[in-house]
$ cat target11.cif   # mmCIF, C-alpha atoms and all ligand atoms
data_my_file
loop_
_atom_site.label_atom_id
_atom_site.label_comp_id
_atom_site.auth_asym_id
_atom_site.auth_seq_id
_atom_site.Cartn_x
_atom_site.Cartn_y
_atom_site.Cartn_z
CA MET F 1 88.38 -127.89 89.05
CA LEU F 2 85.52 -128.05 91.53
CA VAL F 3 82.39 -129.70 90.17
CA VAL F 4 79.05 -129.57 91.95
CA LYS F 5 76.30 -131.77 90.54
CA ASN F 6 72.63 -131.86 91.51
CA LEU F 7 73.37 -130.84 95.08
CA ALA F 8 70.41 -130.82 97.48
CA LYS F 9 70.30 -130.26 101.24
CA ILE F 10 67.53 -130.68 103.77
CA LEU F 11 67.81 -129.15 107.25
CA GLY F 12 65.18 -129.39 109.97
CA GLY F 13 62.81 -131.17 107.59
CA ARG F 14 62.94 -128.31 105.07
CA GLN F 15 64.71 -128.38 101.72
CA ILE F 16 67.25 -125.55 101.91
CA LEU F 17 69.17 -126.18 98.66
CA HIS F 18 67.65 -127.44 95.41
CA ASN F 19 69.48 -129.03 92.49
CA ILE F 20 72.63 -126.86 92.53
CA ASN F 21 75.05 -127.32 89.58
CA PHE F 22 78.25 -125.43 88.75
CA CYS F 23 81.98 -125.82 87.96
CA LEU F 24 84.71 -123.56 89.33
CA LYS F 25 88.10 -123.33 87.65
CA LYS F 26 91.59 -122.68 88.97
CA GLY F 27 92.40 -118.97 88.73
CA GLU F 28 88.83 -117.84 89.39
CA ILE F 29 87.54 -115.70 92.24
CA ILE F 30 83.84 -116.29 92.54
CA ALA F 31 81.36 -114.19 94.52
CA LEU F 32 78.38 -116.05 95.92
CA LEU F 33 75.51 -113.60 96.23
CA GLY F 34 72.01 -113.79 97.59
CA PRO F 35 69.79 -112.23 100.25
CA ASN F 36 70.00 -113.33 103.88
CA GLY F 37 68.57 -116.81 104.24
CA ALA F 38 69.14 -117.70 100.56
CA GLY F 39 71.38 -120.65 101.47
CA LYS F 40 74.92 -119.31 100.94
CA THR F 41 76.34 -120.56 104.24
CA THR F 42 74.57 -123.91 103.88
CA LEU F 43 76.04 -124.33 100.40
CA MET F 44 79.55 -123.53 101.64
CA ARG F 45 79.15 -126.03 104.47
CA CYS F 46 78.05 -128.67 101.97
CA LEU F 47 81.10 -128.02 99.78
CA VAL F 48 83.55 -128.62 102.63
CA GLY F 49 81.88 -131.71 104.06
CA PHE F 50 80.52 -130.00 107.18
CA TYR F 51 77.13 -131.33 106.09
CA ASP F 52 76.46 -134.62 104.33
CA LEU F 53 74.59 -134.10 101.07
CA ASP F 54 71.03 -135.31 100.68
CA GLU F 55 71.52 -135.53 96.94
CA GLY F 56 74.27 -134.89 94.42
CA SER F 57 78.05 -134.71 94.58
CA VAL F 58 81.02 -132.40 95.05
CA SER F 59 84.37 -133.23 93.47
CA LEU F 60 87.70 -131.40 93.47
CA ASP F 61 90.08 -132.42 90.68
CA ASP F 62 87.97 -135.57 90.14
CA LYS F 63 88.23 -136.64 93.80
CA THR F 64 85.21 -136.87 96.06
CA MET F 65 84.78 -137.43 99.77
CA ALA F 66 84.23 -141.12 98.97
CA ASP F 67 87.87 -141.36 97.77
CA GLY F 68 89.07 -140.49 101.28
CA ARG F 69 87.83 -137.75 103.54
CA ASP F 70 91.22 -136.48 104.77
CA GLU F 71 92.74 -136.36 101.30
CA PHE F 72 89.68 -134.60 99.88
CA LEU F 73 89.52 -132.02 102.67
CA LYS F 74 93.27 -131.35 102.70
CA ASN F 75 92.89 -129.29 99.55
CA MET F 76 90.03 -127.18 100.89
CA ALA F 77 89.73 -124.54 103.57
CA TYR F 78 86.64 -122.86 104.91
CA VAL F 79 86.61 -119.73 107.02
CA PRO F 80 83.22 -119.18 108.66
CA GLU F 81 81.64 -115.76 109.05
CA VAL F 82 82.40 -115.67 112.77
CA GLY F 83 84.53 -117.80 115.06
CA GLY F 84 86.69 -120.62 113.83
CA ILE F 85 89.45 -119.71 116.27
CA TYR F 86 90.08 -120.87 119.83
CA PRO F 87 89.82 -117.99 122.31
CA GLU F 88 92.34 -119.34 124.83
CA MET F 89 95.13 -120.01 122.31
CA SER F 90 97.65 -117.40 121.23
CA VAL F 91 97.76 -116.60 117.51
CA PHE F 92 100.96 -118.64 117.17
CA GLU F 93 99.47 -121.60 119.07
CA TYR F 94 96.37 -121.50 116.90
CA LEU F 95 98.36 -121.44 113.66
CA ALA F 96 100.57 -124.30 114.88
CA PHE F 97 97.46 -126.25 115.89
CA MET F 98 95.85 -125.74 112.48
CA ALA F 99 99.05 -126.83 110.73
CA LYS F 100 99.06 -130.04 112.79
CA LEU F 101 95.40 -130.66 112.07
CA LYS F 102 96.11 -130.37 108.35
CA ASN F 103 99.24 -132.55 108.49
CA VAL F 104 101.55 -129.76 107.41
CA ASP F 105 105.17 -130.83 107.94
CA ALA F 106 107.56 -128.76 110.07
CA LYS F 107 109.43 -127.19 107.16
CA SER F 108 106.27 -126.17 105.31
CA PHE F 109 104.85 -124.84 108.57
CA ALA F 110 107.87 -122.59 109.08
CA ASN F 111 107.61 -121.26 105.51
CA ASN F 112 103.85 -120.87 105.52
CA LEU F 113 103.86 -119.20 108.92
CA LYS F 114 106.41 -116.66 107.79
CA TYR F 115 104.53 -115.87 104.60
CA LEU F 116 101.00 -115.75 106.07
CA VAL F 117 101.94 -113.77 109.18
CA SER F 118 103.61 -111.19 107.00
CA ALA F 119 100.98 -111.12 104.22
CA LEU F 120 98.10 -110.88 106.69
CA GLU F 121 99.97 -108.49 109.00
CA LEU F 122 99.80 -110.58 112.15
CA GLU F 123 103.33 -109.87 113.44
CA SER F 124 102.23 -107.53 116.21
CA VAL F 125 99.71 -110.01 117.70
CA ILE F 126 101.53 -113.30 117.21
CA ASN F 127 101.78 -113.98 120.97
CA GLN F 128 98.45 -112.47 121.90
CA LYS F 129 95.52 -114.65 123.00
CA CYS F 130 92.85 -114.92 120.29
CA GLU F 131 90.09 -113.78 122.67
CA THR F 132 91.83 -110.42 123.12
CA LEU F 133 92.07 -109.65 119.39
CA SER F 134 90.00 -107.04 117.57
CA LYS F 135 87.55 -108.29 114.93
CA GLY F 136 89.91 -107.59 112.04
CA TYR F 137 92.75 -109.57 113.62
CA LYS F 138 90.39 -112.42 114.56
CA LYS F 139 89.26 -112.73 110.94
CA ARG F 140 92.80 -112.64 109.60
CA THR F 141 93.97 -115.20 112.18
CA ALA F 142 91.14 -117.55 111.16
CA LEU F 143 92.12 -117.06 107.52
CA ALA F 144 95.81 -117.71 108.19
CA GLY F 145 94.88 -120.90 110.07
CA ALA F 146 92.67 -122.12 107.25
CA MET F 147 95.42 -121.39 104.75
CA MET F 148 98.17 -123.29 106.54
CA SER F 149 97.85 -126.13 104.02
CA TYR F 150 97.79 -123.79 100.98
CA PRO F 151 94.38 -125.08 99.89
CA LYS F 152 93.52 -125.27 96.19
CA PHE F 153 89.98 -124.29 97.09
CA LEU F 154 89.48 -121.48 99.60
CA ILE F 155 85.98 -120.68 100.81
CA LEU F 156 85.29 -117.54 102.80
CA ASP F 157 81.94 -116.60 104.30
CA GLU F 158 81.65 -112.79 104.32
CA PRO F 159 85.42 -112.30 104.78
CA THR F 160 85.55 -108.51 104.92
CA GLU F 161 82.47 -108.00 107.09
CA GLY F 162 83.50 -105.86 110.08
CA LEU F 163 86.90 -104.86 108.71
CA ASP F 164 87.89 -101.21 108.38
CA PRO F 165 88.38 -99.81 104.84
CA LYS F 166 92.16 -100.24 104.88
CA GLN F 167 91.91 -103.84 106.13
CA LYS F 168 89.26 -104.56 103.46
CA GLN F 169 91.50 -103.28 100.71
CA HIS F 170 94.50 -105.19 102.02
CA LEU F 171 92.55 -108.46 102.28
CA ARG F 172 91.12 -108.03 98.78
CA GLU F 173 94.60 -107.59 97.36
CA PHE F 174 95.79 -110.67 99.21
CA LEU F 175 92.86 -112.76 97.91
CA LYS F 176 93.32 -111.45 94.40
CA SER F 177 96.89 -112.67 94.42
CA TYR F 178 96.00 -116.07 95.96
CA GLY F 179 93.15 -116.49 93.48
CA LYS F 180 95.52 -116.37 90.51
CA ASN F 181 96.58 -119.98 91.11
CA ASN F 182 93.69 -121.35 93.15
CA ILE F 183 89.91 -121.22 93.42
CA VAL F 184 88.53 -118.64 95.85
CA LEU F 185 84.82 -118.59 96.63
CA ILE F 186 83.53 -115.76 98.82
CA SER F 187 80.08 -114.77 99.96
CA THR F 188 79.46 -111.07 100.35
CA HIS F 189 76.78 -108.41 100.53
CA ILE F 190 79.18 -105.71 99.41
CA MET F 191 78.68 -105.01 95.71
CA GLU F 192 81.79 -102.84 95.55
CA GLU F 193 83.72 -105.94 96.63
CA VAL F 194 82.20 -107.98 93.83
CA GLU F 195 83.43 -105.41 91.31
CA ALA F 196 86.86 -105.13 92.93
CA LEU F 197 87.51 -108.84 93.35
CA ALA F 198 85.30 -111.28 91.51
CA ASP F 199 85.79 -112.76 88.04
CA ARG F 200 82.47 -114.49 88.29
CA VAL F 201 79.20 -114.25 90.17
CA LEU F 202 76.88 -117.04 91.35
CA MET F 203 73.52 -115.91 92.68
CA ILE F 204 71.23 -117.94 94.85
CA LYS F 205 67.70 -117.22 95.84
CA ASN F 206 65.49 -119.45 97.99
CA GLY F 207 68.09 -122.21 97.75
CA ARG F 208 68.26 -122.25 93.94
CA LEU F 209 71.08 -121.08 91.70
CA ILE F 210 69.42 -118.42 89.56
CA CYS F 211 72.40 -116.89 87.79
CA ASP F 212 76.00 -117.67 86.81
CA THR F 213 77.58 -114.60 85.24
CA THR F 214 80.36 -111.99 85.40
CA PRO F 215 80.25 -108.67 87.30
CA ASP F 216 80.34 -106.79 83.97
CA ASP F 217 77.39 -108.69 82.52
CA MET F 218 75.54 -108.40 85.80
CA LYS F 219 75.80 -104.59 85.64
CA LYS F 220 74.10 -104.54 82.25
CA VAL F 221 70.86 -105.69 83.87
CA SER F 222 70.32 -102.21 85.32
CA ALA F 223 69.76 -99.15 83.16
CA GLN F 224 72.26 -97.24 85.33
CA ASN F 225 74.96 -99.90 84.80
CA SER F 226 75.05 -100.31 88.59
CA ILE F 227 75.79 -103.68 90.12
CA GLU F 228 73.80 -102.77 93.24
CA ASN F 229 70.68 -101.98 91.19
CA SER F 230 71.18 -105.14 89.12
CA PHE F 231 71.33 -107.22 92.29
CA CYS F 232 68.07 -105.73 93.54
CA THR F 233 66.36 -106.28 90.16
CA MET F 234 67.57 -109.87 89.86
CA MET F 235 66.64 -110.69 93.43
CA ASP F 236 63.37 -108.83 93.12
CA VAL F 237 64.03 -106.88 96.34
P1 LIG R 301 72.54 -117.35 104.03
O1 LIG R 301 73.93 -117.73 104.43
O2 LIG R 301 72.36 -117.15 102.57
O3 LIG R 301 72.04 -116.16 104.80
P2 LIG R 301 71.81 -119.86 105.30
O4 LIG R 301 72.47 -120.91 104.51
O5 LIG R 301 72.42 -119.48 106.61
O6 LIG R 301 71.56 -118.57 104.40
O7 LIG R 301 70.32 -120.31 105.59
C1 LIG R 301 69.44 -120.74 104.56
C2 LIG R 301 68.14 -121.21 105.19
O8 LIG R 301 68.39 -122.39 105.92
C3 LIG R 301 67.53 -120.21 106.18
O9 LIG R 301 66.13 -120.24 105.98
C4 LIG R 301 67.91 -120.78 107.51
O10 LIG R 301 66.96 -120.44 108.48
C5 LIG R 301 67.92 -122.27 107.25
N1 LIG R 301 68.85 -123.00 108.11
C6 LIG R 301 70.18 -122.78 108.23
N2 LIG R 301 70.74 -123.65 109.09
C7 LIG R 301 69.74 -124.45 109.54
C8 LIG R 301 69.67 -125.56 110.45
N3 LIG R 301 70.75 -126.03 111.07
N4 LIG R 301 68.44 -126.12 110.66
C9 LIG R 301 67.34 -125.67 110.02
N5 LIG R 301 67.35 -124.64 109.15
C10 LIG R 301 68.51 -124.03 108.90
MG MG R 302 75.30 -116.81 105.70
#

$ encode --input "target11.cif" --output "structure tokens" --more "lines below"
Ligand code: ADP
Ligand code: MG
Amino acid sequence: MLVVKNLAKILGGRQILHNINFCLKKGEIIALLGPNGAGKTTLMRCLVGFYDLDEGSVSLDDKTMADGRDEFLKNMAYVPEVGGIYPEMSVFEYLAFMAKLKNVDAKSFANNLKYLVSALELESVINQKCETLSKGYKKRTALAGAMMSYPKFLILDEPTEGLDPKQKQHLREFLKSYGKNNIVLISTHIMEEVEALADRVLMIKNGRLICDTTPDDMKKVSAQNSIENSFCTMMDV
């Protein structure tokens, strides 16, 4: 279980996140929603130790960063909205590099590589340099790299942005399956994705958590039972 208590973050002298509290359970796929600038990326970066917290705590299965940074981070993976991969490495080199970085032993690397390359359909580009990949392949390579350690907590910032409809569907199915035994937190602006994928919705506005609900309950906010309309009503946009 991931527990976030009283989290606050200041950047550039401005308070970006205010008193954030929530718990995420194994087997949940959670959509983090909010308008641009709400603080979604900042929150994700706080969860994975990219930023130190100004207040509050993050714990995963009762362990915090204070219990040992490497151990704490081993169970988490974060895939940023863009980048995350090294342009000059081939896909294979990048995946091997990520496995090393996460202390994945040789046997697990061989197994994980086989599974992830097949599940994320990277076979045809395995020896290609990352800089020459299309956007869809870049995103899936970054995801495969992040997943080399089979993290209990997977955090994805706008994972299907820029993918074609078939790639979107494929990635959603993959995440749905991974989310059965882990915690998957995604940020997205695509309401259809929330309905297709998420068990739970967290909404942030101006750096504050304003709602913790389910897609079905969220829909009830609009007279038309539309998640898109509910989002606009709740965000007042
Ligand atoms: P979202 O991902 O929801 O679009 P962000 O977390 O990227 O929002 O940004 C939240 C707010 O924090 C924005 O107002 C943004 O300008 C500000 N912000 C983000 N990063 C920094 C930074 N490094 N320094 C100062 N302000 C930042
Ligand atoms: Mg963002």

$ residues_near_ligand --input "target11.cif" --ligand "ligand MG 302 (chain R)" --cutoff "8 Å" --atoms "only C-alpha atoms and all ligand atoms" --output "count of residues only"
10

$ closest_residue --input "target11.cif" --among "F:His189, F:Arg200, F:Lys25, F:Lys102" --to "ligand LIG 301 (chain R)" --atoms "all atoms listed in the file"
F:His189

$ closest_atom_pairs --input "target11.cif" --of "chain F" --to "ligand LIG 301 (chain R)" --cutoff "12 Å" --atoms "only C-alpha atoms and all ligand atoms" --output "tab-separated table"
residue	atom	partner	partner_atom	distance
F:Lys9	CA	R:LIG301	O8	9.4
F:Ile10	CA	R:LIG301	C9	8.0
F:Leu11	CA	R:LIG301	C9	4.5
F:Gly12	CA	R:LIG301	C9	4.3
F:Gly13	CA	R:LIG301	C9	7.5
F:Arg14	CA	R:LIG301	N5	7.0
F:Gln15	CA	R:LIG301	O8	8.2
F:Ile16	CA	R:LIG301	O8	5.2
F:Leu17	CA	R:LIG301	C1	8.0
F:His18	CA	R:LIG301	C1	11.5
F:Leu32	CA	R:LIG301	O2	9.0
F:Leu33	CA	R:LIG301	O2	7.9
F:Gly34	CA	R:LIG301	O2	6.0
F:Pro35	CA	R:LIG301	O2	6.0
F:Asn36	CA	R:LIG301	O3	3.6
F:Gly37	CA	R:LIG301	O6	3.5
F:Ala38	CA	R:LIG301	O2	3.8
F:Gly39	CA	R:LIG301	O4	3.2
F:Lys40	CA	R:LIG301	O2	3.7
F:Thr41	CA	R:LIG301	O1	3.7
F:Thr42	CA	R:LIG301	O4	3.7
F:Leu43	CA	R:LIG301	O4	6.4
F:Met44	CA	R:LIG301	O4	8.1
F:Arg45	CA	R:LIG301	O4	8.4
F:Cys46	CA	R:LIG301	O4	9.9
F:Phe50	CA	R:LIG301	N3	11.2
F:Tyr51	CA	R:LIG301	N3	9.7
F:Pro80	CA	R:LIG301	O1	10.3
F:Glu81	CA	R:LIG301	O1	9.2
F:Leu156	CA	R:LIG301	O1	11.5
F:Asp157	CA	R:LIG301	O1	8.1
F:Glu158	CA	R:LIG301	O1	9.2
F:Ile186	CA	R:LIG301	O1	11.3
F:Ser187	CA	R:LIG301	O1	8.2
F:Thr188	CA	R:LIG301	O1	9.6
F:His189	CA	R:LIG301	O2	10.0
F:Met203	CA	R:LIG301	O2	10.0
F:Ile204	CA	R:LIG301	O2	7.8
F:Lys205	CA	R:LIG301	O2	8.2
F:Asn206	CA	R:LIG301	C1	7.8
F:Gly207	CA	R:LIG301	C1	7.1
F:Arg208	CA	R:LIG301	C1	10.8
F:Leu209	CA	R:LIG301	O2	11.6

$ residues_around --input "target11.cif" --residues "F:Asp199" --least-positions-apart "5" --cutoff "12 Å" --atoms "all atoms listed in the file" --output "list in words"
Leu24, Lys25, Lys26, Gly27, Glu28, Ile29, Ile30, Ala31, Leu32, Lys176, Gly179, Lys180, Ile183, Val184, Leu185, Ile186, Glu193, Val194, Asp212, Thr213, Thr214, Pro215, Asp216, Asp217 and Met218 of chain F

$ closest_residue --input "target11.cif" --among "F:Ser230, F:Thr141, F:Ser57, F:Ser149" --to "F:Lys100" --atoms "all atoms listed in the file"
F:Ser149

$ atom_distance --input "target11.cif" --atom1 "atom CA of F:Ile85" --atom2 "atom CA of F:Ala106"
21.2 Å

$ closest_residue --input "target11.cif" --among "F:Ala144, F:Ala223, F:Leu2, F:Leu53" --to "F:Ser118" --atoms "all atoms listed in the file"
F:Ala144

$ atom_distance --input "target11.cif" --atom1 "atom CA of F:Ala99" --atom2 "atom CA of F:Met148"
5.6 Å

$ residues_near_point --input "target11.cif" --point "(94.2, -112.8, 112.3)" --cutoff "9 Å" --atoms "all atoms listed in the file" --output "list of chain:residue names"
F:Val91, F:Val117, F:Leu120, F:Glu121, F:Leu122, F:Val125, F:Ile126, F:Cys130, F:Leu133, F:Ser134, F:Lys135, F:Gly136, F:Tyr137, F:Lys138, F:Lys139, F:Arg140, F:Thr141, F:Ala142, F:Leu143, F:Ala144, F:Gly145

$ residues_around --input "target11.cif" --residues "F:Ile190" --least-positions-apart "6" --cutoff "9 Å" --atoms "only C-alpha atoms" --output "list in words"
Glu158, Thr160, Glu161 and Glu228 of chain F

$ closest_residue --input "target11.cif" --among "F:Ile20, F:Asn225, F:Phe72, F:Gln128" --to "F:Val48" --atoms "all atoms listed in the file"
F:Phe72
